[in-house]
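Reproduced below: coords-v9.tsv, with TSV, C-alpha atoms.
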chain	number	residue	atom	x	y	z
A	816	MET	CA	-55.03	29.82	-2.01
A	817	LYS	CA	-53.25	30.49	1.29
A	818	THR	CA	-54.44	27.15	2.63
A	819	LEU	CA	-53.15	25.37	-0.48
A	820	LYS	CA	-49.73	26.99	-0.11
A	821	LEU	CA	-49.53	25.90	3.53
A	822	LEU	CA	-50.51	22.36	2.57
A	823	VAL	CA	-47.83	22.22	-0.13
A	824	LEU	CA	-45.26	23.63	2.31
A	825	ALA	CA	-46.21	21.03	4.92
A	826	LEU	CA	-45.82	18.23	2.39
A	827	VAL	CA	-42.41	19.53	1.31
A	828	VAL	CA	-41.21	19.75	4.92
A	829	SER	CA	-42.52	16.28	5.67
A	830	PHE	CA	-40.86	14.81	2.55
A	831	SER	CA	-37.57	16.58	3.35
A	832	ALA	CA	-37.65	15.19	6.88
A	833	GLN	CA	-38.08	11.67	5.53
A	834	ILE	CA	-35.12	12.13	3.17
A	835	HIS	CA	-33.05	13.54	6.01
A	836	ALA	CA	-33.88	10.54	8.20
A	837	GLN	CA	-32.74	8.13	5.52
A	838	SER	CA	-29.83	10.10	4.10
A	839	ALA	CA	-27.20	8.91	6.59
A	840	GLU	CA	-27.86	5.30	5.57
A	841	GLU	CA	-27.75	6.29	1.91
A	842	ILE	CA	-24.44	8.09	2.36
A	843	ILE	CA	-22.90	5.03	4.01
A	844	ALA	CA	-24.28	2.73	1.31
A	845	ASN	CA	-22.81	5.00	-1.38
A	846	TYR	CA	-19.50	5.11	0.47
A	847	ILE	CA	-19.21	1.32	0.74
A	848	GLU	CA	-20.01	1.03	-2.96
A	849	ALA	CA	-17.55	3.80	-3.90
A	850	ILE	CA	-14.58	2.13	-2.20
A	851	GLY	CA	-15.18	-1.27	-3.77
A	852	GLY	CA	-18.43	-2.75	-2.50
A	853	LYS	CA	-19.40	-4.99	0.40
A	854	GLU	CA	-18.42	-8.20	-1.38
A	855	ASN	CA	-14.81	-7.06	-1.93
A	856	LEU	CA	-14.49	-5.77	1.64
A	857	LEU	CA	-15.67	-9.09	3.08
A	858	LYS	CA	-12.88	-10.87	1.20
A	859	ILE	CA	-10.21	-8.95	3.08
A	860	LYS	CA	-8.49	-11.04	5.76
A	861	GLY	CA	-5.48	-8.80	6.26
A	862	ILE	CA	-3.93	-5.50	5.16
A	863	LYS	CA	-0.25	-4.57	4.98
A	864	MET	CA	0.71	-0.91	4.61
A	865	GLN	CA	4.23	0.38	4.01
A	866	GLY	CA	5.43	3.94	3.71
A	867	GLU	CA	6.98	6.83	5.62
A	868	LEU	CA	6.08	8.75	8.73
A	869	ASN	CA	7.01	12.44	8.70
A	870	ALA	CA	7.55	13.48	12.32
A	871	GLN	CA	9.06	16.92	12.95
A	872	GLY	CA	10.87	16.84	9.64
A	873	MET	CA	12.22	13.30	10.06
A	874	GLN	CA	11.28	10.71	7.44
A	875	ILE	CA	10.80	7.42	9.27
A	876	PRO	CA	10.06	4.20	7.34
A	877	MET	CA	7.01	2.44	8.73
A	878	GLU	CA	4.97	-0.71	8.24
A	879	THR	CA	1.65	-1.86	9.66
A	880	VAL	CA	-0.11	-5.19	9.36
A	881	THR	CA	-3.69	-5.65	10.55
A	882	MET	CA	-5.52	-8.97	10.43
A	883	LYS	CA	-9.21	-9.81	10.60
A	884	ASP	CA	-8.64	-12.09	13.62
A	885	GLY	CA	-7.44	-9.13	15.71
A	886	ARG	CA	-3.68	-9.51	15.30
A	887	MET	CA	-1.79	-6.35	14.44
A	888	TYR	CA	1.59	-4.65	14.55
A	889	ALA	CA	2.91	-1.18	13.76
A	890	GLN	CA	6.63	-1.04	13.09
A	891	ILE	CA	9.05	1.80	12.39
A	892	GLU	CA	12.71	1.83	11.33
A	893	PHE	CA	14.72	4.22	13.47
A	894	GLN	CA	18.51	4.64	13.35
A	895	GLY	CA	18.80	1.44	11.34
A	896	LYS	CA	16.76	-0.59	13.81
A	897	LYS	CA	13.27	-1.99	13.26
A	898	ILE	CA	11.04	-1.34	16.26
A	899	LYS	CA	7.53	-2.63	16.78
A	900	GLN	CA	5.85	0.31	18.50
A	901	MET	CA	2.59	-1.52	19.10
A	902	PHE	CA	1.53	-5.09	18.48
A	903	THR	CA	-1.10	-7.57	19.61
A	904	ASP	CA	-1.80	-11.26	19.26
A	905	GLY	CA	-5.53	-10.56	19.50
A	906	THR	CA	-5.73	-10.99	23.28
A	907	LYS	CA	-3.02	-8.74	24.73
A	908	VAL	CA	-1.42	-5.52	23.50
A	909	TRP	CA	2.19	-4.42	23.94
A	910	MET	CA	3.81	-1.03	23.44
A	911	PHE	CA	7.48	-0.15	23.07
A	912	ASN	CA	8.52	2.52	25.56
A	913	MET	CA	11.05	4.63	23.63
A	914	MET	CA	12.30	6.38	26.79
A	915	ALA	CA	12.90	3.22	28.81
A	916	GLN	CA	13.72	1.10	25.73
A	917	VAL	CA	11.51	-1.73	26.96
A	918	VAL	CA	8.35	-3.48	25.83
A	919	GLU	CA	5.37	-2.94	28.15
A	920	GLU	CA	2.01	-4.66	28.29
A	921	MET	CA	-0.97	-2.35	28.12
A	922	PRO	CA	-3.45	-2.21	31.05
A	923	ALA	CA	-6.52	-4.43	30.82
A	924	ASP	CA	-9.03	-1.61	30.14
A	925	GLU	CA	-6.94	-0.07	27.40
A	926	THR	CA	-6.20	-3.48	25.91
A	927	LYS	CA	-9.92	-4.22	25.75
A	928	MET	CA	-10.62	-0.88	24.07
A	929	ILE	CA	-7.91	-1.37	21.43
A	930	ILE	CA	-8.96	-4.94	20.64
A	931	GLU	CA	-12.62	-3.87	20.37
A	932	GLU	CA	-11.62	-1.22	17.85
A	933	PHE	CA	-9.75	-3.82	15.80
A	934	LYS	CA	-13.01	-5.76	15.48
A	935	ASP	CA	-14.12	-3.08	13.02
A	936	PHE	CA	-11.69	-4.50	10.46
A	937	PRO	CA	-11.59	-3.70	7.62
A	938	ASN	CA	-14.10	-0.84	7.93
A	939	PRO	CA	-16.28	0.40	10.82
A	940	PHE	CA	-19.23	1.00	8.47
A	941	LEU	CA	-19.27	-2.55	7.12
A	942	ASN	CA	-22.38	-4.21	8.61
A	943	TYR	CA	-22.53	-1.40	11.16
A	944	LYS	CA	-26.16	-2.10	12.05
A	945	ASP	CA	-25.33	-5.67	13.06
A	946	LYS	CA	-22.75	-4.24	15.49
A	947	GLY	CA	-25.35	-1.97	17.08
A	948	TYR	CA	-23.73	1.20	15.74
A	949	ILE	CA	-25.78	4.32	14.98
A	950	VAL	CA	-25.16	6.77	12.13
A	951	GLU	CA	-26.66	10.25	11.98
A	952	LEU	CA	-26.41	12.98	9.37
A	953	MET	CA	-25.39	16.19	11.12
A	954	GLY	CA	-25.71	18.35	8.02
A	955	THR	CA	-23.19	19.60	5.47
A	956	GLU	CA	-19.94	21.47	6.06
A	957	THR	CA	-17.00	22.65	4.02
A	958	GLN	CA	-13.72	20.98	4.95
A	959	GLU	CA	-10.42	21.46	3.13
A	960	GLY	CA	-12.35	23.48	0.53
A	961	THR	CA	-14.66	20.52	-0.16
A	962	ASP	CA	-18.41	20.27	0.45
A	963	CYS	CA	-18.99	17.37	2.82
A	964	PHE	CA	-21.73	15.40	4.50
A	965	LYS	CA	-20.98	15.32	8.23
A	966	VAL	CA	-21.96	11.91	9.64
A	967	LYS	CA	-21.86	11.01	13.32
A	968	LEU	CA	-20.91	7.42	14.17
A	969	THR	CA	-21.83	6.23	17.66
A	970	LYS	CA	-20.42	2.93	18.82
A	971	LYS	CA	-20.63	1.12	22.14
A	972	PRO	CA	-18.89	3.13	24.88
A	973	HIS	CA	-15.60	2.06	26.46
A	974	THR	CA	-14.92	1.64	30.16
A	975	ILE	CA	-11.50	2.96	31.16
A	976	LYS	CA	-10.43	2.99	34.80
A	977	GLY	CA	-14.04	2.56	35.84
A	978	GLU	CA	-15.20	5.53	33.77
A	979	VAL	CA	-17.65	5.06	30.91
A	980	VAL	CA	-16.18	6.89	27.93
A	981	PRO	CA	-18.36	7.71	24.89
A	982	ASN	CA	-17.20	6.24	21.60
A	983	VAL	CA	-18.26	8.83	19.06
A	984	SER	CA	-16.58	9.99	15.88
A	985	TYR	CA	-17.46	12.24	12.96
A	986	TYR	CA	-16.80	11.52	9.30
A	987	TYR	CA	-16.79	14.17	6.57
A	988	PHE	CA	-17.79	12.54	3.27
A	989	ASP	CA	-17.11	14.35	0.01
A	990	THR	CA	-20.57	15.08	-1.43
A	991	GLU	CA	-19.40	14.10	-4.92
A	992	THR	CA	-17.22	11.04	-4.34
A	993	PHE	CA	-18.73	9.83	-1.02
A	994	VAL	CA	-15.29	9.06	0.46
A	995	PRO	CA	-14.30	10.60	3.81
A	996	ILE	CA	-11.66	13.32	3.63
A	997	LEU	CA	-11.55	13.94	7.39
A	998	THR	CA	-12.48	12.21	10.64
A	999	GLU	CA	-12.79	13.69	14.12
A	1000	ALA	CA	-12.87	11.98	17.51
A	1001	GLU	CA	-12.01	12.80	21.11
A	1002	VAL	CA	-8.88	11.16	22.50
A	1003	PRO	CA	-10.25	8.67	25.08
A	1004	MET	CA	-7.17	8.29	27.31
A	1005	GLY	CA	-3.64	9.45	28.02
A	1006	PRO	CA	-2.18	12.97	28.34
A	1007	ALA	CA	-4.28	14.24	25.40
A	1008	LYS	CA	-7.55	12.84	26.79
A	1009	GLY	CA	-10.56	14.94	25.78
A	1010	GLN	CA	-8.76	16.72	22.97
A	1011	LEU	CA	-10.25	16.57	19.49
A	1012	MET	CA	-8.13	14.49	17.14
A	1013	LYS	CA	-8.55	15.33	13.46
A	1014	THR	CA	-7.41	12.85	10.83
A	1015	PRO	CA	-7.33	14.10	7.21
A	1016	LEU	CA	-7.51	11.40	4.54
A	1017	SER	CA	-6.44	11.86	0.92
A	1018	ASP	CA	-4.88	10.36	-2.21
A	1019	TYR	CA	-7.30	7.47	-2.61
A	1020	GLN	CA	-5.93	4.69	-4.79
A	1021	GLU	CA	-7.25	1.31	-5.88
A	1022	VAL	CA	-5.75	-1.92	-4.53
A	1023	ASP	CA	-7.28	-5.14	-5.85
A	1024	GLY	CA	-10.68	-3.53	-6.36
A	1025	VAL	CA	-10.74	-1.61	-3.05
A	1026	TYR	CA	-9.86	2.08	-2.58
A	1027	PHE	CA	-7.61	3.20	0.29
A	1028	PRO	CA	-6.34	6.65	1.33
A	1029	PHE	CA	-2.59	6.64	0.73
A	1030	SER	CA	-2.03	9.75	2.82
A	1031	THR	CA	-3.22	10.66	6.30
A	1032	GLN	CA	-2.23	12.79	9.29
A	1033	VAL	CA	-2.37	11.87	12.96
A	1034	GLN	CA	-1.56	14.37	15.70
A	1035	GLY	CA	0.64	16.49	13.47
A	1036	MET	CA	2.44	13.55	11.86
A	1037	THR	CA	1.93	12.75	8.18
A	1038	MET	CA	1.83	9.15	7.00
A	1039	THR	CA	2.37	8.56	3.30
A	1040	PHE	CA	1.99	5.00	2.07
A	1041	THR	CA	3.92	3.75	-0.93
A	1042	SER	CA	2.48	0.24	-0.88
A	1043	ILE	CA	-0.74	-1.34	0.40
A	1044	SER	CA	-1.40	-5.04	-0.07
A	1045	ILE	CA	-4.45	-7.14	0.73
A	1046	ASN	CA	-4.26	-10.57	2.39
A	1047	PRO	CA	-0.47	-10.60	2.86
A	1048	GLU	CA	1.43	-13.66	3.98
A	1049	VAL	CA	2.32	-13.29	7.67
A	1050	ASP	CA	4.25	-15.18	10.32
A	1051	ASP	CA	2.59	-15.88	13.69
A	1052	ALA	CA	5.84	-14.82	15.35
A	1053	ASP	CA	5.29	-11.24	14.11
A	1054	PHE	CA	2.42	-10.87	16.58
A	1055	ALA	CA	3.71	-13.09	19.41
A	1056	LYS	CA	4.59	-11.98	22.91
A	1057	PRO	CA	8.31	-11.12	22.91
A	1058	VAL	CA	10.86	-12.24	25.47
A	1059	GLU	CA	11.26	-8.63	26.67
A	1060	ALA	CA	7.60	-8.53	27.68
A	1061	GLU	CA	8.10	-11.56	29.92
A	1062	LYS	CA	10.53	-9.49	31.98
A	1063	THR	CA	8.45	-6.31	32.02
A	1064	PRO	CA	5.32	-5.89	34.19
A	1065	ALA	CA	2.12	-4.50	32.72
A	1066	ILE	CA	1.69	-0.72	32.75
A	1067	LYS	CA	-0.12	0.29	35.92
A	1068	ASN	CA	-3.57	1.86	35.66
Could I get this file's structure written as structure tokens?
Amino acid sequence: MKTLKLLVLALVVSFSAQIHAQSAEEIIANYIEAIGGKENLLKIKGIKMQGELNAQGMQIPMETVTMKDGRMYAQIEFQGKKIKQMFTDGTKVWMFNMMAQVVEEMPADETKMIIEEFKDFPNPFLNYKDKGYIVELMGTETQEGTDCFKVKLTKKPHTIKGEVVPNVSYYYFDTETFVPILTEAEVPMGPAKGQLMKTPLSDYQEVDGVYFPFSTQVQGMTMTFTSISINPEVDDADFAKPVEAEKTPAIKN
């Protein structure tokens, strides 16, 4: 009888291990299906998001446009003036220096890192195996009062200033809805390098058959979107190198 119990226990452990090994893939598959399915995601060529940024009590209108070909801009409206804080034509990236009031080109390493991240459009888990990414189930945790699957996503590392920087992030998927309610990742560069950046995601709403979080937080700032549109009409000039950048040297490494 004791031998039979041990055999049954061994079979249960073995079966549980197999489920555990496959569960990360299953969670991702359920997630992709929950937000609209692979077919709908592949139809997305661009996304435009409009809303407000709450920074230290100030409500700042904002707009972002991200395109499948790597073009992108993030724009705010401050004191009646529209300012593109970051934008790229898919090859170079520019930032607006609020202190100096000038547009600056990002260094080559950081530009490469940003553009590589944009290649994940519209979702890092879409065809993740083809990109060489690895997903691992780290267990379950409670976040924001919600039971979650904690999934580790490992992508190809970045090289910044000659240093190889891991590219790892963690996603907390609601065990009932399979959508992420929180992401975590280390800041790879800048003054906050090495610090853990947490990004809560909430208020999922459907847009043309695809679900998006309409509320998120980044480094203490809350972004609330009032409008998200898929495949918006854009002007090439919105992503082009501005005249100011011609006069401003690239940021030094």
Per residue of segment 823-903 of chain A within 12 Å of segment 1032-1050 of chain A, record the nearest atom pair and its distance in Å to one decimal, counting only C-alpha atoms, with rows in chain order and ascending residue number, as CSV.
residue,atom,partner,partner_atom,distance
A:Asn855,CA,A:Ile1045,CA,10.7
A:Leu856,CA,A:Ile1045,CA,10.2
A:Leu857,CA,A:Asn1046,CA,11.5
A:Lys858,CA,A:Asn1046,CA,8.7
A:Ile859,CA,A:Asn1046,CA,6.2
A:Lys860,CA,A:Asn1046,CA,5.4
A:Gly861,CA,A:Asn1046,CA,4.4
A:Ile862,CA,A:Ile1045,CA,4.8
A:Lys863,CA,A:Ser1044,CA,5.2
A:Met864,CA,A:Ile1043,CA,4.5
A:Gln865,CA,A:Ser1042,CA,5.2
A:Gly866,CA,A:Phe1040,CA,4.0
A:Glu867,CA,A:Thr1039,CA,5.4
A:Leu868,CA,A:Met1038,CA,4.6
A:Asn869,CA,A:Thr1037,CA,5.1
A:Ala870,CA,A:Met1036,CA,5.1
A:Gln871,CA,A:Met1036,CA,7.5
A:Gly872,CA,A:Met1036,CA,9.3
A:Met873,CA,A:Met1036,CA,9.9
A:Gln874,CA,A:Met1038,CA,9.6
A:Ile875,CA,A:Met1038,CA,9.4
A:Pro876,CA,A:Met1038,CA,9.6
A:Met877,CA,A:Met1038,CA,8.7
A:Glu878,CA,A:Phe1040,CA,8.9
A:Thr879,CA,A:Ile1043,CA,9.6
A:Val880,CA,A:Pro1047,CA,8.5
A:Thr881,CA,A:Asn1046,CA,9.5
A:Met882,CA,A:Asn1046,CA,8.3
A:Lys883,CA,A:Asn1046,CA,9.6
A:Arg886,CA,A:Val1049,CA,10.4
A:Met887,CA,A:Val1049,CA,10.5
A:Tyr888,CA,A:Val1049,CA,11.1
A:Ile891,CA,A:Met1038,CA,11.6
Between A:Val917, A:Asp989, A:Ser838, A:Gly885, which is the closest to Phe936 of chain A once you count all atoms listed in the file?
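For Phe936 of chain A, the nearest of the candidates is A:Gly885.
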When you count all atoms listed in the file, which of these residues is closest to Ile842 of chain A: A:Lys897, A:Lys965, A:Lys946, A:Lys970?
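That would be A:Lys965, the residue with the smallest distance to Ile842 of chain A.
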May I have a table of the residues of segment 947-983 of chain A lying at most 9 Å from segment 920-929 of chain A, giving each one's closest pair of atoms and their distance in Å to one decimal, counting only C-alpha atoms, ordered by chain and ascending residue number, as CSV?
residue,atom,partner,partner_atom,distance
A:His973,CA,A:Met928,CA,6.3
A:Thr974,CA,A:Asp924,CA,6.7
A:Ile975,CA,A:Asp924,CA,5.3
A:Lys976,CA,A:Asp924,CA,6.7
A:Gly977,CA,A:Asp924,CA,8.7
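Residues lying within 10 Å of Tyr987 of chain A, counting all atoms listed in the file and ignoring same-chain neighbours fewer than 4 positions away, are Met953, Gly954, Thr955, Glu956, Thr957, Gln958, Thr961, Asp962, Cys963, Phe964, Lys965, Val966, Lys967, Phe993, Val994, Pro995, Ile996, Leu997, Thr998, Glu999, Pro1015 and Leu1016 of chain A.
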State, in Å with one decimal place, the distance from atom CA of Leu968 of chain A to atom CA of Ala1007 of chain A.
21.2 Å
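Shortest atom-to-atom contact with Thr992 of chain A among A:Tyr1019, A:Gly1005, A:Ala1055, A:Asn938: A:Tyr1019, counting only C-alpha atoms.
Atom pair atom CA of Thr1031 of chain A / atom CA of Phe893 of chain A has a distance of 20.4 Å (rounded to one decimal).
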Taking into account all atoms listed in the file, which residue in the set A:Met913, A:Val980, A:Leu941, A:Ile930 is nearest to Ala844 of chain A?
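Counting all atoms listed in the file, the residue closest to Ala844 of chain A is A:Leu941.
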So the first atom is atom CA of Leu1011 of chain A and the second is atom CA of Ile898 of chain A; what is the distance between them in Å, to one decimal place?
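Between atom CA of Leu1011 of chain A and atom CA of Ile898 of chain A the gap is 28.0 Å.
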Return the single residue from A:Asp1018, A:Glu1001, A:Phe1054, A:Phe940 that is closest to Ile847 of chain A, with distances computed using all atoms listed in the file.
A:Phe940
